[in-house]
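Engineer: Below is the file my_file-v1.txt, with compact mmCIF, C-alpha atoms.
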# COMPACT_ATOMS: atom_id res chain seq x y z
CA MET C 5 11.66 177.15 -9.14
CA SER C 6 9.05 179.71 -9.87
CA VAL C 7 8.35 182.85 -7.91
CA LEU C 8 4.73 182.77 -6.77
CA TRP C 9 4.68 186.35 -5.50
CA GLN C 10 6.72 189.20 -4.10
CA THR C 11 5.39 192.10 -2.10
CA THR C 12 7.12 195.26 -0.98
CA ASN C 13 6.01 197.86 1.53
CA ASP C 14 3.29 195.39 2.50
CA HIS C 15 1.62 196.47 5.73
CA PRO C 16 -0.77 193.73 6.86
CA ILE C 17 -3.37 194.39 9.49
CA VAL C 18 -1.94 193.52 12.89
CA GLY C 19 -4.83 192.94 15.24
CA GLN C 20 -4.78 194.32 18.76
CA ARG C 21 -5.01 190.80 20.21
CA ASP C 22 -1.93 189.63 18.28
CA TYR C 23 0.00 192.78 19.14
CA LYS C 24 -0.80 192.25 22.83
CA ARG C 25 0.29 188.60 22.60
CA PHE C 26 3.74 189.65 21.37
CA LEU C 27 3.89 192.25 24.14
CA ARG C 28 2.89 189.53 26.63
CA PHE C 29 0.01 191.78 27.65
CA PRO C 30 -3.35 190.30 28.75
CA PRO C 31 -5.72 190.39 25.75
CA SER C 32 -8.67 191.66 27.77
CA ARG C 33 -6.71 194.48 29.40
CA THR C 34 -6.94 197.92 27.82
CA PHE C 35 -3.86 199.95 27.03
CA GLU C 36 -3.88 203.06 29.22
CA GLY C 37 -1.56 205.98 29.88
CA PRO C 38 2.06 205.51 28.79
CA MET C 39 1.33 201.99 27.51
CA ALA C 40 -1.35 203.34 25.17
CA ASP C 41 1.03 206.08 24.03
CA ASN C 42 3.84 203.62 23.29
CA ALA C 43 1.52 201.18 21.51
CA ALA C 44 0.15 203.95 19.29
CA TRP C 45 3.63 205.39 18.67
CA ALA C 46 4.99 202.01 17.51
CA ARG C 47 2.05 201.42 15.14
CA ASP C 48 2.29 204.94 13.73
CA TRP C 49 6.09 204.86 13.37
CA PHE C 50 5.95 201.48 11.65
CA ALA C 51 3.22 202.60 9.24
CA ALA C 52 5.17 205.72 8.28
CA HIS C 53 8.72 204.34 8.07
CA ALA C 54 8.94 200.55 7.85
CA ARG C 55 8.95 198.67 4.54
CA PRO C 56 7.91 195.09 5.33
CA TRP C 57 7.97 192.58 2.50
CA SER C 58 7.25 188.97 1.65
CA ALA C 59 7.75 186.47 -1.14
CA ALA C 60 7.07 182.85 -2.00
CA ILE C 61 8.51 180.25 -4.36
CA ARG C 62 7.66 176.69 -5.19
CA ALA C 63 10.17 174.56 -3.35
CA ASP C 64 13.05 172.99 -5.28
CA ASP C 65 14.60 169.58 -4.54
CA THR C 66 16.88 171.02 -1.84
CA VAL C 67 13.98 172.58 0.03
CA ARG C 68 11.83 169.46 -0.37
CA THR C 69 14.67 167.30 1.02
CA LEU C 70 15.16 169.58 4.04
CA ALA C 71 11.42 169.78 4.70
CA ALA C 72 10.56 166.11 3.99
CA PRO C 73 10.79 164.96 7.64
CA HIS C 74 8.32 167.69 8.61
CA PHE C 75 5.88 167.13 5.73
CA PRO C 76 5.81 163.35 5.19
CA GLY C 77 4.28 162.38 1.87
CA VAL C 78 3.90 165.97 0.66
CA THR C 79 5.65 166.63 -2.64
CA VAL C 80 4.52 170.16 -3.49
CA LEU C 81 5.80 172.68 -0.98
CA THR C 82 6.04 176.44 -0.87
CA LEU C 83 8.91 178.40 0.65
CA LEU C 84 7.70 181.63 2.23
CA VAL C 85 9.84 184.51 3.42
CA ALA C 86 8.65 187.55 5.36
CA SER C 87 10.50 190.47 6.87
CA ALA C 88 9.59 193.58 8.80
CA GLY C 89 12.54 195.14 6.97
CA PRO C 90 15.65 196.76 8.46
CA GLU C 91 13.99 200.06 9.34
CA ALA C 92 12.26 198.93 12.54
CA GLU C 93 15.39 197.18 13.80
CA ALA C 94 17.44 200.33 13.22
CA GLU C 95 14.86 202.56 14.94
CA ALA C 96 14.58 200.16 17.88
CA ALA C 97 18.36 200.41 18.33
CA VAL C 98 18.09 204.21 18.30
CA ARG C 99 15.38 204.07 20.98
CA TRP C 100 17.47 201.71 23.12
CA ALA C 101 20.53 203.97 22.83
CA ALA C 102 18.32 206.94 23.77
CA HIS C 103 17.30 205.12 26.98
CA GLU C 104 13.76 204.59 25.74
CA PRO C 105 13.32 200.87 26.48
CA ASP C 106 9.52 201.02 26.30
CA ARG C 107 9.55 202.38 22.74
CA TYR C 108 12.25 199.85 21.84
CA TYR C 109 10.12 196.99 23.17
CA PHE C 110 6.82 198.11 21.61
CA LEU C 111 8.45 198.58 18.19
CA GLU C 112 10.21 195.20 18.36
CA CYS C 113 6.93 193.49 19.25
CA TYR C 114 4.99 195.27 16.52
CA ALA C 115 7.61 194.26 13.94
CA ALA C 116 7.42 190.63 15.09
CA ALA C 117 3.61 190.69 14.89
CA THR C 118 3.89 192.08 11.35
CA VAL C 119 6.08 189.16 10.25
CA GLU C 120 3.58 186.72 11.69
CA ALA C 121 0.75 188.49 9.84
CA LEU C 122 2.71 188.35 6.56
CA LEU C 123 3.29 184.61 6.99
CA ALA C 124 -0.38 184.05 7.81
CA ALA C 125 -1.35 185.94 4.64
CA GLY C 126 1.09 183.79 2.65
CA ARG C 127 -0.38 180.59 4.06
CA ARG C 128 -3.87 181.76 3.12
CA ARG C 129 -2.71 182.47 -0.44
CA VAL C 130 -1.59 178.85 -0.88
CA GLY C 131 -4.39 177.29 1.16
CA ALA C 132 -2.11 176.00 3.93
CA ASP C 133 -3.12 175.93 7.56
CA LYS C 134 0.37 175.76 9.04
CA HIS C 135 3.98 176.45 8.31
CA LEU C 136 7.20 175.12 9.77
CA CYS C 137 10.57 176.82 10.04
CA PRO C 138 14.17 175.98 10.77
CA GLY C 139 14.60 176.50 14.48
CA TYR C 140 11.36 174.68 15.31
CA PRO C 141 11.84 171.45 17.30
CA GLY C 142 13.65 168.89 15.19
CA TRP C 143 14.63 171.31 12.42
CA PRO C 144 18.14 172.81 12.72
CA ILE C 145 18.18 176.58 12.38
CA THR C 146 21.27 176.29 10.22
CA ASP C 147 19.00 175.04 7.40
CA ASN C 148 18.13 178.73 6.92
CA HIS C 149 21.34 178.91 4.86
CA ALA C 150 20.00 176.46 2.24
CA LEU C 151 16.51 178.00 2.23
CA LEU C 152 17.90 181.49 1.64
CA ALA C 153 20.12 180.10 -1.14
CA ALA C 154 17.00 178.71 -2.86
CA LEU C 155 15.32 182.12 -2.66
CA ARG C 156 18.43 183.78 -4.11
CA VAL C 157 18.59 181.29 -7.02
CA ALA C 158 14.95 182.10 -7.80
CA ASN C 159 15.69 185.84 -7.54
CA ALA C 160 12.75 186.05 -5.14
CA LEU C 161 13.99 188.47 -2.46
CA PRO C 162 12.28 191.86 -2.62
CA GLY C 163 14.31 193.17 0.33
CA PRO C 164 17.56 192.64 2.22
CA LEU C 165 18.08 189.35 4.04
CA THR C 166 21.15 187.48 5.21
CA VAL C 167 21.77 184.43 7.34
CA LEU C 168 24.31 184.74 10.13
CA PRO C 169 26.75 181.86 10.74
CA SER C 170 24.49 180.74 13.61
CA GLY C 171 21.53 180.37 11.23
CA MET C 172 19.72 183.42 12.60
CA LEU C 173 18.39 185.93 10.09
CA SER C 174 19.18 189.59 9.62
CA PRO C 175 17.13 191.73 9.81
CA LYS C 176 16.13 189.89 12.95
CA LYS C 177 12.38 190.33 12.44
CA SER C 178 12.39 188.01 9.42
CA GLN C 179 11.39 184.40 8.93
CA LEU C 180 11.76 181.62 6.38
CA ALA C 181 8.93 179.08 6.42
CA VAL C 182 7.78 176.06 4.44
CA CYS C 183 4.17 175.01 3.95
CA ALA C 184 2.26 172.58 1.75
CA LEU C 185 0.87 174.09 -1.44
CA CYS C 186 -2.79 173.14 -1.35
CA THR C 187 -4.19 175.44 -4.05
CA GLU C 188 -2.94 177.71 -6.76
CA PRO C 189 -1.83 180.98 -5.16
CA VAL C 190 -4.26 183.85 -5.12
CA SER C 191 -2.99 186.84 -7.09
CA ALA C 192 -1.47 189.77 -5.20
CA ARG C 193 -3.84 192.37 -3.86
If you convert what's in this file into structure tokens, what do you get?
Structural biologist:
Amino acid sequence: MSVLWQTTNDHPIVGQRDYKRFLRFPPSRTFEGPMADNAAWARDWFAAHARPWSAAIRADDTVRTLAAPHFPGVTVLTLLVASAGPEAEAEAAVRWAAHEPDRYYFLECYAAATVEALLAAGRRRVGADKHLCPGYPGWPITDNHALLAALRVANALPGPLTVLPSGMLSPKKSQLAVCALCTEPVSAR
């Protein structure tokens, strides 16, 4: 397995439309008052304190076997990993404990939108138009254990990541994804 790339402290652009989608806020509605304050606070806090990261490897036989039912006939696959990092999760817990549920929620949603943006950037780098993940219909979430093991063997993790016994990831705003490798990866920024 070869590491295709690793990024650290990678802050992708999270568009307002995507941020609103994660907040379940109508895209055409403007943030006003306290909502505007919370949205701006979460963006600013994340930019100043969070250390999101991503990485990619060419899939090994284990990954190809797990992903085969979801990518019939495809032999060259890429394993992507993206994480908002542990900082946002820790700060969200602080805000919840301080009885600031709005700040908790806005930060959680911004972190989730960041992971999606990192995965989208990874797909673009390999020329893929979609990715699939354990936990999607028909793919057991417990397969995250084997995918993380493949990343560890390749020494591809630029940040902390563990899989809980349930198959969920920690930090929680993290995702493992597989996509078809359509082109040679574009070099890091």
Engineer: Determine, counting all atoms listed in the file, which protein, DNA and RNA residues have an atom within 9 Å of an atom of Lys177 of chain C; residues of the same chain fewer than 6 positions away are not included. Present the result as a list in words.
Structural biologist: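 Everything that qualifies: Ala86, Ser87, Ala88, Gly89, Pro90, Ala92, Glu93, Glu112, Ala115, Ala116, Thr118 and Val119 of chain C.
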Engineer: Can you pull out every residue within 8 Å of segment 58-72 of chain C, counting all atoms listed in the file, but drop anything in the same chain fewer than 6 positions away, and send it as JSON, numbers by chain?
Structural biologist: {"C": [5, 6, 7, 8, 9, 10, 11, 12, 14, 78, 79, 80, 81, 82, 83, 84, 85, 86, 87, 122, 123, 126, 147, 150, 151, 154, 155, 158, 160, 161, 162, 182]}
Engineer: Excluding segment 95-111 of chain C and any residue of its chain fewer than 4 positions from it, enumerate the residues within 7 Å of it, using only C-alpha atoms, and give them as a PyMOL selection string.
Structural biologist: chain C and resi 42-43+46+91+115
Engineer: State, in Å with one decimal place, the distance from atom CA of Ala121 of chain C to atom CA of Pro169 of chain C.
Structural biologist: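 These atoms are spaced 26.8 Å apart.
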Engineer: Between atom CA of Arg55 of chain C and atom CA of Arg21 of chain C, what is the distance in Å, rounded to a tenth?
Structural biologist: 22.4 Å
Engineer: Closest to Gly142 of chain C among C:His74, C:Arg129, C:Val167, C:Ala94, using only C-alpha atoms?
Structural biologist: C:His74
Engineer: State, in Å with one decimal place, the distance from atom CA of Pro141 of chain C to atom CA of Ser170 of chain C.
Structural biologist: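 Here the two named atoms are 16.1 Å from each other.
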Engineer: For a quick check of understanding, using only C-alpha atoms, which of C:Glu36, C:Asp41, C:Asp133, C:Glu120 has the smallest distance to Tyr23 of chain C?
Structural biologist: C:Glu120
Engineer: Which residue is closest to Leu165 of chain C? Choose from C:Pro144, C:Pro56, C:Gly37, C:Pro16 and count all atoms listed in the file.
Structural biologist: C:Pro56
Engineer: Just segment 68-187 of chain C, please, as a PDB file, in the first residue's frame (only C-alpha atoms).
Structural biologist:
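Contents of part.pdb, as written:
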ATOM      1  CA  ARG C  68     -10.643  -4.326  -2.029  1.00  0.00           C
ATOM      2  CA  THR C  69     -12.392  -7.438  -0.653  1.00  0.00           C
ATOM      3  CA  LEU C  70     -14.528  -5.387   1.754  1.00  0.00           C
ATOM      4  CA  ALA C  71     -15.391  -2.837  -0.935  1.00  0.00           C
ATOM      5  CA  ALA C  72     -15.903  -5.283  -3.845  1.00  0.00           C
ATOM      6  CA  PRO C  73     -19.697  -5.597  -3.418  1.00  0.00           C
ATOM      7  CA  HIS C  74     -19.989  -1.804  -3.604  1.00  0.00           C
ATOM      8  CA  PHE C  75     -17.610  -1.315  -6.555  1.00  0.00           C
ATOM      9  CA  PRO C  76     -18.251  -4.297  -8.860  1.00  0.00           C
ATOM     10  CA  GLY C  77     -15.509  -4.765 -11.423  1.00  0.00           C
ATOM     11  CA  VAL C  78     -13.304  -2.001 -10.015  1.00  0.00           C
ATOM     12  CA  THR C  79      -9.832  -3.197  -9.068  1.00  0.00           C
ATOM     13  CA  VAL C  80      -8.049   0.040  -8.186  1.00  0.00           C
ATOM     14  CA  LEU C  81      -9.567   1.697  -5.143  1.00  0.00           C
ATOM     15  CA  THR C  82      -8.514   4.478  -2.824  1.00  0.00           C
ATOM     16  CA  LEU C  83      -9.131   4.537   0.920  1.00  0.00           C
ATOM     17  CA  LEU C  84      -9.755   8.071   2.162  1.00  0.00           C
ATOM     18  CA  VAL C  85      -9.841   9.230   5.760  1.00  0.00           C
ATOM     19  CA  ALA C  86     -10.860  12.670   6.997  1.00  0.00           C
ATOM     20  CA  SER C  87     -11.262  14.089  10.464  1.00  0.00           C
ATOM     21  CA  ALA C  88     -12.219  17.417  11.959  1.00  0.00           C
ATOM     22  CA  GLY C  89      -9.780  16.481  14.721  1.00  0.00           C
ATOM     23  CA  PRO C  90     -10.457  16.126  18.449  1.00  0.00           C
ATOM     24  CA  GLU C  91     -10.419  19.854  19.204  1.00  0.00           C
ATOM     25  CA  ALA C  92     -13.941  20.656  17.984  1.00  0.00           C
ATOM     26  CA  GLU C  93     -15.421  17.652  19.786  1.00  0.00           C
ATOM     27  CA  ALA C  94     -13.752  18.727  23.037  1.00  0.00           C
ATOM     28  CA  GLU C  95     -14.919  22.341  22.668  1.00  0.00           C
ATOM     29  CA  ALA C  96     -18.457  21.243  21.817  1.00  0.00           C
ATOM     30  CA  ALA C  97     -18.507  19.223  25.058  1.00  0.00           C
ATOM     31  CA  VAL C  98     -17.349  22.315  26.967  1.00  0.00           C
ATOM     32  CA  ARG C  99     -20.155  24.371  25.406  1.00  0.00           C
ATOM     33  CA  TRP C 100     -22.733  21.700  26.253  1.00  0.00           C
ATOM     34  CA  ALA C 101     -21.535  21.534  29.871  1.00  0.00           C
ATOM     35  CA  ALA C 102     -21.704  25.346  30.026  1.00  0.00           C
ATOM     36  CA  HIS C 103     -25.387  25.186  28.978  1.00  0.00           C
ATOM     37  CA  GLU C 104     -24.649  26.688  25.574  1.00  0.00           C
ATOM     38  CA  PRO C 105     -26.513  24.232  23.322  1.00  0.00           C
ATOM     39  CA  ASP C 106     -26.589  26.615  20.360  1.00  0.00           C
ATOM     40  CA  ARG C 107     -22.802  26.951  20.272  1.00  0.00           C
ATOM     41  CA  TYR C 108     -22.493  23.186  20.769  1.00  0.00           C
ATOM     42  CA  TYR C 109     -24.797  22.536  17.805  1.00  0.00           C
ATOM     43  CA  PHE C 110     -23.232  25.089  15.445  1.00  0.00           C
ATOM     44  CA  LEU C 111     -19.718  23.802  16.159  1.00  0.00           C
ATOM     45  CA  GLU C 112     -20.759  20.155  15.700  1.00  0.00           C
ATOM     46  CA  CYS C 113     -22.382  21.000  12.358  1.00  0.00           C
ATOM     47  CA  TYR C 114     -19.410  23.020  11.155  1.00  0.00           C
ATOM     48  CA  ALA C 115     -17.051  20.152  12.032  1.00  0.00           C
ATOM     49  CA  ALA C 116     -19.261  17.690  10.125  1.00  0.00           C
ATOM     50  CA  ALA C 117     -19.356  20.005   7.095  1.00  0.00           C
ATOM     51  CA  THR C 118     -15.549  20.215   7.231  1.00  0.00           C
ATOM     52  CA  VAL C 119     -15.214  16.421   7.056  1.00  0.00           C
ATOM     53  CA  GLU C 120     -17.525  16.344   4.065  1.00  0.00           C
ATOM     54  CA  ALA C 121     -15.454  19.059   2.366  1.00  0.00           C
ATOM     55  CA  LEU C 122     -12.227  17.125   3.033  1.00  0.00           C
ATOM     56  CA  LEU C 123     -13.716  13.967   1.505  1.00  0.00           C
ATOM     57  CA  ALA C 124     -14.957  15.924  -1.516  1.00  0.00           C
ATOM     58  CA  ALA C 125     -11.452  17.352  -2.000  1.00  0.00           C
ATOM     59  CA  GLY C 126     -10.021  13.829  -1.753  1.00  0.00           C
ATOM     60  CA  ARG C 127     -12.443  12.522  -4.369  1.00  0.00           C
ATOM     61  CA  ARG C 128     -11.476  15.362  -6.710  1.00  0.00           C
ATOM     62  CA  ARG C 129      -7.791  14.514  -6.263  1.00  0.00           C
ATOM     63  CA  VAL C 130      -8.382  10.956  -7.515  1.00  0.00           C
ATOM     64  CA  GLY C 131     -11.007  11.849 -10.096  1.00  0.00           C
ATOM     65  CA  ALA C 132     -13.853  10.018  -8.343  1.00  0.00           C
ATOM     66  CA  ASP C 133     -17.399  11.283  -8.297  1.00  0.00           C
ATOM     67  CA  LYS C 134     -18.584   9.321  -5.268  1.00  0.00           C
ATOM     68  CA  HIS C 135     -17.385   7.524  -2.195  1.00  0.00           C
ATOM     69  CA  LEU C 136     -18.931   4.827  -0.042  1.00  0.00           C
ATOM     70  CA  CYS C 137     -18.397   4.150   3.650  1.00  0.00           C
ATOM     71  CA  PRO C 138     -19.059   1.457   6.196  1.00  0.00           C
ATOM     72  CA  GLY C 139     -22.400   2.326   7.737  1.00  0.00           C
ATOM     73  CA  TYR C 140     -23.993   3.055   4.359  1.00  0.00           C
ATOM     74  CA  PRO C 141     -26.821   0.660   3.413  1.00  0.00           C
ATOM     75  CA  GLY C 142     -25.445  -2.828   2.901  1.00  0.00           C
ATOM     76  CA  TRP C 143     -22.007  -2.097   4.349  1.00  0.00           C
ATOM     77  CA  PRO C 144     -21.559  -3.011   8.036  1.00  0.00           C
ATOM     78  CA  ILE C 145     -20.094  -0.193  10.110  1.00  0.00           C
ATOM     79  CA  THR C 146     -17.884  -2.709  11.859  1.00  0.00           C
ATOM     80  CA  ASP C 147     -15.766  -2.848   8.677  1.00  0.00           C
ATOM     81  CA  ASN C 148     -14.259   0.428   9.929  1.00  0.00           C
ATOM     82  CA  HIS C 149     -11.990  -1.788  12.070  1.00  0.00           C
ATOM     83  CA  ALA C 150     -10.357  -3.371   8.994  1.00  0.00           C
ATOM     84  CA  LEU C 151     -10.152  -0.069   7.099  1.00  0.00           C
ATOM     85  CA  LEU C 152      -8.424   1.656  10.006  1.00  0.00           C
ATOM     86  CA  ALA C 153      -6.033  -1.293  10.304  1.00  0.00           C
ATOM     87  CA  ALA C 154      -5.069  -0.813   6.637  1.00  0.00           C
ATOM     88  CA  LEU C 155      -4.353   2.871   7.267  1.00  0.00           C
ATOM     89  CA  ARG C 156      -2.228   1.982  10.295  1.00  0.00           C
ATOM     90  CA  VAL C 157      -0.212  -0.600   8.317  1.00  0.00           C
ATOM     91  CA  ALA C 158       0.493   2.078   5.697  1.00  0.00           C
ATOM     92  CA  ASN C 159       1.433   4.562   8.444  1.00  0.00           C
ATOM     93  CA  ALA C 160      -1.018   6.976   6.833  1.00  0.00           C
ATOM     94  CA  LEU C 161      -2.728   8.613   9.820  1.00  0.00           C
ATOM     95  CA  PRO C 162      -1.682  12.235  10.328  1.00  0.00           C
ATOM     96  CA  GLY C 163      -3.933  12.583  13.395  1.00  0.00           C
ATOM     97  CA  PRO C 164      -5.622  10.575  16.130  1.00  0.00           C
ATOM     98  CA  LEU C 165      -8.309   8.079  15.135  1.00  0.00           C
ATOM     99  CA  THR C 166      -9.747   5.002  16.809  1.00  0.00           C
ATOM    100  CA  VAL C 167     -12.645   2.693  16.114  1.00  0.00           C
ATOM    101  CA  LEU C 168     -14.994   1.941  18.978  1.00  0.00           C
ATOM    102  CA  PRO C 169     -16.255  -1.646  19.440  1.00  0.00           C
ATOM    103  CA  SER C 170     -19.499  -0.575  17.726  1.00  0.00           C
ATOM    104  CA  GLY C 171     -17.585   0.465  14.597  1.00  0.00           C
ATOM    105  CA  MET C 172     -18.111   4.187  15.207  1.00  0.00           C
ATOM    106  CA  LEU C 173     -15.071   6.436  14.945  1.00  0.00           C
ATOM    107  CA  SER C 174     -13.453   8.690  17.515  1.00  0.00           C
ATOM    108  CA  PRO C 175     -13.143  11.624  17.135  1.00  0.00           C
ATOM    109  CA  LYS C 176     -16.765  11.426  16.082  1.00  0.00           C
ATOM    110  CA  LYS C 177     -16.441  13.936  13.237  1.00  0.00           C
ATOM    111  CA  SER C 178     -14.278  11.544  11.206  1.00  0.00           C
ATOM    112  CA  GLN C 179     -14.985   9.283   8.270  1.00  0.00           C
ATOM    113  CA  LEU C 180     -13.371   6.416   6.378  1.00  0.00           C
ATOM    114  CA  ALA C 181     -14.402   6.178   2.732  1.00  0.00           C
ATOM    115  CA  VAL C 182     -13.536   4.159  -0.360  1.00  0.00           C
ATOM    116  CA  CYS C 183     -13.670   5.446  -3.926  1.00  0.00           C
ATOM    117  CA  ALA C 184     -12.467   4.300  -7.331  1.00  0.00           C
ATOM    118  CA  LEU C 185      -9.088   5.687  -8.369  1.00  0.00           C
ATOM    119  CA  CYS C 186      -9.755   7.188 -11.775  1.00  0.00           C
ATOM    120  CA  THR C 187      -6.604   9.280 -12.254  1.00  0.00           C
TER     121      THR C 187
END
